[in-house]
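A short write-up of the structure that comes next.
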Amino acid sequence: MTRAAEARPTGLPHAVFLQRVADEPATSPEVRLGQGAFLALRFFDLLSPDREPPAPDVFRYQWAATERYCSELAGEGTEAAHLAGIVRATSEAHRSDDVRGLAPALLAYALYLEQDAHFDEAEDVLLTLIRVGGTRLAASDATAAWMRVGRVRRLQTDFDRADSAYAEAGRIAVATGDFDQIECVLQGMGISQIDLYDDR
């Protein structure tokens, strides 16, 4: 499996956030936040290496529209703050031509969603980070993202796909010789170093 193998979306990207429209009244904060997440992640998608870079005017227009929508959500609590942070970080990443600074914002948002039991949405955010960041991400961030994908899938009892995500995290950690990350991956999989030695 490559970093992009499972990270390629099918259908409308981030449509999972629009599912809130079906689950909540149209005027509820949850629906508006879901729409904000959809817009913020579509804005982040503009940085994907597998698409033509947007013209400056197109980027500025989408930035202004997304920022305006998310600023209207400012009174809606923690999720709104995460979305505003993603929009700011995306703009800065575009300006500096460096997506590495986006990882903390997206990892934090995914954790928020996971803690709120929005598991499909959390997975979408993590896979988007992996897909758009690709090899431009720091190896530690790519490892962390795959580990979090594994955890979210495990919480949904999708154990085979969780193990695949943990294996990808382990592959990246081993390739970079990051023994702390390797230990974290093993713990995520429920394996200790003692277990490895006991299997001799």
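Letters A, B, ... go to the chains of the structure tokens in the order shown; residues in each chain start at 1; ligands are counted from 1 in the same order.
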Quick one: DSSP alpha helix (DSSP H) residues in stretch 5-195 of chain A, as a VMD selection string? chain A and resid 15 to 23 29 to 45 56 to 71 78 to 96 103 to 115 119 to 133 139 to 155 159 to 176 179 to 188 193 to 195
If you count only C-alpha atoms, which residues fall within 7 Å of stretch 67-74 of chain A, apart from same-chain ones fewer than 2 positions away, as JSON, numbers by chain? {"A": [36, 63, 64, 65, 76, 77, 80, 81, 83, 84, 87]}
Convert the current residue selection to file output with all heavy atoms, as a PDB file, in the first residue's frame.
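Final file, selection_39.pdb:
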ATOM      1  N   GLY A  36     -19.573  24.246   6.469  1.00  0.00           N
ATOM      2  CA  GLY A  36     -18.295  24.941   6.631  1.00  0.00           C
ATOM      3  C   GLY A  36     -17.117  24.001   6.482  1.00  0.00           C
ATOM      4  O   GLY A  36     -16.104  24.341   5.856  1.00  0.00           O
ATOM      5  N   TRP A  63     -10.723  31.533  -1.228  1.00  0.00           N
ATOM      6  CA  TRP A  63     -10.271  31.874   0.123  1.00  0.00           C
ATOM      7  C   TRP A  63     -11.244  32.856   0.776  1.00  0.00           C
ATOM      8  O   TRP A  63     -11.701  32.646   1.895  1.00  0.00           O
ATOM      9  CB  TRP A  63      -8.856  32.449   0.054  1.00  0.00           C
ATOM     10  CG  TRP A  63      -8.320  32.975   1.364  1.00  0.00           C
ATOM     11  CD1 TRP A  63      -8.661  32.569   2.635  1.00  0.00           C
ATOM     12  CD2 TRP A  63      -7.341  33.988   1.532  1.00  0.00           C
ATOM     13  NE1 TRP A  63      -7.950  33.262   3.571  1.00  0.00           N
ATOM     14  CE2 TRP A  63      -7.120  34.146   2.917  1.00  0.00           C
ATOM     15  CE3 TRP A  63      -6.624  34.779   0.646  1.00  0.00           C
ATOM     16  CZ2 TRP A  63      -6.214  35.077   3.434  1.00  0.00           C
ATOM     17  CZ3 TRP A  63      -5.706  35.696   1.170  1.00  0.00           C
ATOM     18  CH2 TRP A  63      -5.519  35.840   2.531  1.00  0.00           C
ATOM     19  N   ALA A  64     -11.585  33.929   0.048  1.00  0.00           N
ATOM     20  CA  ALA A  64     -12.481  34.947   0.606  1.00  0.00           C
ATOM     21  C   ALA A  64     -13.851  34.357   0.926  1.00  0.00           C
ATOM     22  O   ALA A  64     -14.420  34.616   1.998  1.00  0.00           O
ATOM     23  CB  ALA A  64     -12.617  36.112  -0.372  1.00  0.00           C
ATOM     24  N   ALA A  65     -14.384  33.547   0.010  1.00  0.00           N
ATOM     25  CA  ALA A  65     -15.717  32.972   0.224  1.00  0.00           C
ATOM     26  C   ALA A  65     -15.714  32.001   1.402  1.00  0.00           C
ATOM     27  O   ALA A  65     -16.624  32.012   2.244  1.00  0.00           O
ATOM     28  CB  ALA A  65     -16.185  32.263  -1.044  1.00  0.00           C
ATOM     29  N   GLU A  76     -20.248  29.481  17.042  1.00  0.00           N
ATOM     30  CA  GLU A  76     -20.730  28.097  17.129  1.00  0.00           C
ATOM     31  C   GLU A  76     -19.782  27.158  17.877  1.00  0.00           C
ATOM     32  O   GLU A  76     -19.956  25.953  17.841  1.00  0.00           O
ATOM     33  CB  GLU A  76     -21.012  27.542  15.722  1.00  0.00           C
ATOM     34  CG  GLU A  76     -22.026  28.337  14.925  1.00  0.00           C
ATOM     35  CD  GLU A  76     -23.424  28.356  15.548  1.00  0.00           C
ATOM     36  OE1 GLU A  76     -23.674  27.592  16.497  1.00  0.00           O
ATOM     37  OE2 GLU A  76     -24.247  29.152  15.084  1.00  0.00           O
ATOM     38  N   GLY A  77     -18.744  27.693  18.510  1.00  0.00           N
ATOM     39  CA  GLY A  77     -17.928  26.874  19.399  1.00  0.00           C
ATOM     40  C   GLY A  77     -16.655  26.330  18.791  1.00  0.00           C
ATOM     41  O   GLY A  77     -16.104  26.850  17.821  1.00  0.00           O
ATOM     42  N   ALA A  80     -16.098  25.440  14.963  1.00  0.00           N
ATOM     43  CA  ALA A  80     -15.928  26.634  14.127  1.00  0.00           C
ATOM     44  C   ALA A  80     -14.501  27.161  14.218  1.00  0.00           C
ATOM     45  O   ALA A  80     -13.927  27.596  13.207  1.00  0.00           O
ATOM     46  CB  ALA A  80     -16.930  27.706  14.553  1.00  0.00           C
ATOM     47  N   ALA A  81     -13.918  27.110  15.404  1.00  0.00           N
ATOM     48  CA  ALA A  81     -12.530  27.560  15.564  1.00  0.00           C
ATOM     49  C   ALA A  81     -11.575  26.669  14.774  1.00  0.00           C
ATOM     50  O   ALA A  81     -10.615  27.163  14.169  1.00  0.00           O
ATOM     51  CB  ALA A  81     -12.159  27.579  17.044  1.00  0.00           C
ATOM     52  N   LEU A  83     -12.289  25.067  12.016  1.00  0.00           N
ATOM     53  CA  LEU A  83     -12.464  25.378  10.596  1.00  0.00           C
ATOM     54  C   LEU A  83     -11.757  26.674  10.222  1.00  0.00           C
ATOM     55  O   LEU A  83     -11.087  26.746   9.182  1.00  0.00           O
ATOM     56  CB  LEU A  83     -13.949  25.447  10.253  1.00  0.00           C
ATOM     57  CG  LEU A  83     -14.725  24.142  10.450  1.00  0.00           C
ATOM     58  CD1 LEU A  83     -16.206  24.354  10.160  1.00  0.00           C
ATOM     59  CD2 LEU A  83     -14.154  23.028   9.578  1.00  0.00           C
ATOM     60  N   ALA A  84     -11.880  27.684  11.070  1.00  0.00           N
ATOM     61  CA  ALA A  84     -11.186  28.949  10.808  1.00  0.00           C
ATOM     62  C   ALA A  84      -9.678  28.732  10.774  1.00  0.00           C
ATOM     63  O   ALA A  84      -8.972  29.311   9.930  1.00  0.00           O
ATOM     64  CB  ALA A  84     -11.561  29.978  11.868  1.00  0.00           C
ATOM     65  N   VAL A  87      -8.670  27.177   7.425  1.00  0.00           N
ATOM     66  CA  VAL A  87      -8.689  28.158   6.335  1.00  0.00           C
ATOM     67  C   VAL A  87      -7.446  29.045   6.408  1.00  0.00           C
ATOM     68  O   VAL A  87      -6.776  29.277   5.385  1.00  0.00           O
ATOM     69  CB  VAL A  87      -9.985  28.997   6.380  1.00  0.00           C
ATOM     70  CG1 VAL A  87      -9.939  30.123   5.360  1.00  0.00           C
ATOM     71  CG2 VAL A  87     -11.199  28.106   6.127  1.00  0.00           C
TER      72      VAL A  87
END
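Distance check against A:His82 using only C-alpha atoms: of A:Val58, A:Leu33, A:Asp116, A:Arg51, the minimum falls on A:Leu33.
Nearest residue to A:Arg136 among A:Arg32, A:Arg95, A:Arg88, A:Arg100 is A:Arg100, counting only C-alpha atoms.
Restricting the calculation to only C-alpha atoms, the smallest distance between A:Asp124 and any of A:Tyr61, A:Phe159, A:Phe43, A:Phe38 is found for A:Phe38.
Proximity to A:His14 was assessed for A:Leu47, A:Thr128, A:Val99, A:Thr90 counting only C-alpha atoms; the smallest distance is recorded for A:Thr128.
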Quick one: pull the distance between atom CA of A:Asp50 and atom CA of A:Glu168, Å, one decimal. 20.9 Å
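Using only C-alpha atoms, the nearest neighbour of A:Trp146 within the list A:Ala169, A:Val125, A:Ala103, A:Leu12 is A:Ala169.
Of note, atom CA of A:Ala162 and atom CA of A:Leu111 are spaced 16.2 Å apart.
Atom CA of A:Ala89 is found 16.7 Å from atom CA of A:Arg131.
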Long-range neighbours of A:Thr135 as a list in words, 12 Å cut-off, only C-alpha atoms, 2 positions minimum in chain: Thr2, Arg3, Ala4, Ser48, Pro49, Asp98, Val99, Arg100, Leu129, Ile130, Arg131, Val132, Gly133, Leu137, Ala138, Ala139, Ser140, Asp141, Ala142, Thr143 and Ile172 of chain A
Skipping near chain neighbours, those fewer than 2 positions away, what residues fall within 10 Å of A:Pro104 using only C-alpha atoms, listed as a ChimeraX atom specification? /A:85-86,89,100-102,106-110,141
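Comparing A:Leu46, A:Pro29, A:Glu79, A:Glu52 by their smallest distance to A:Ala93, the closest is A:Leu46 (using only C-alpha atoms).
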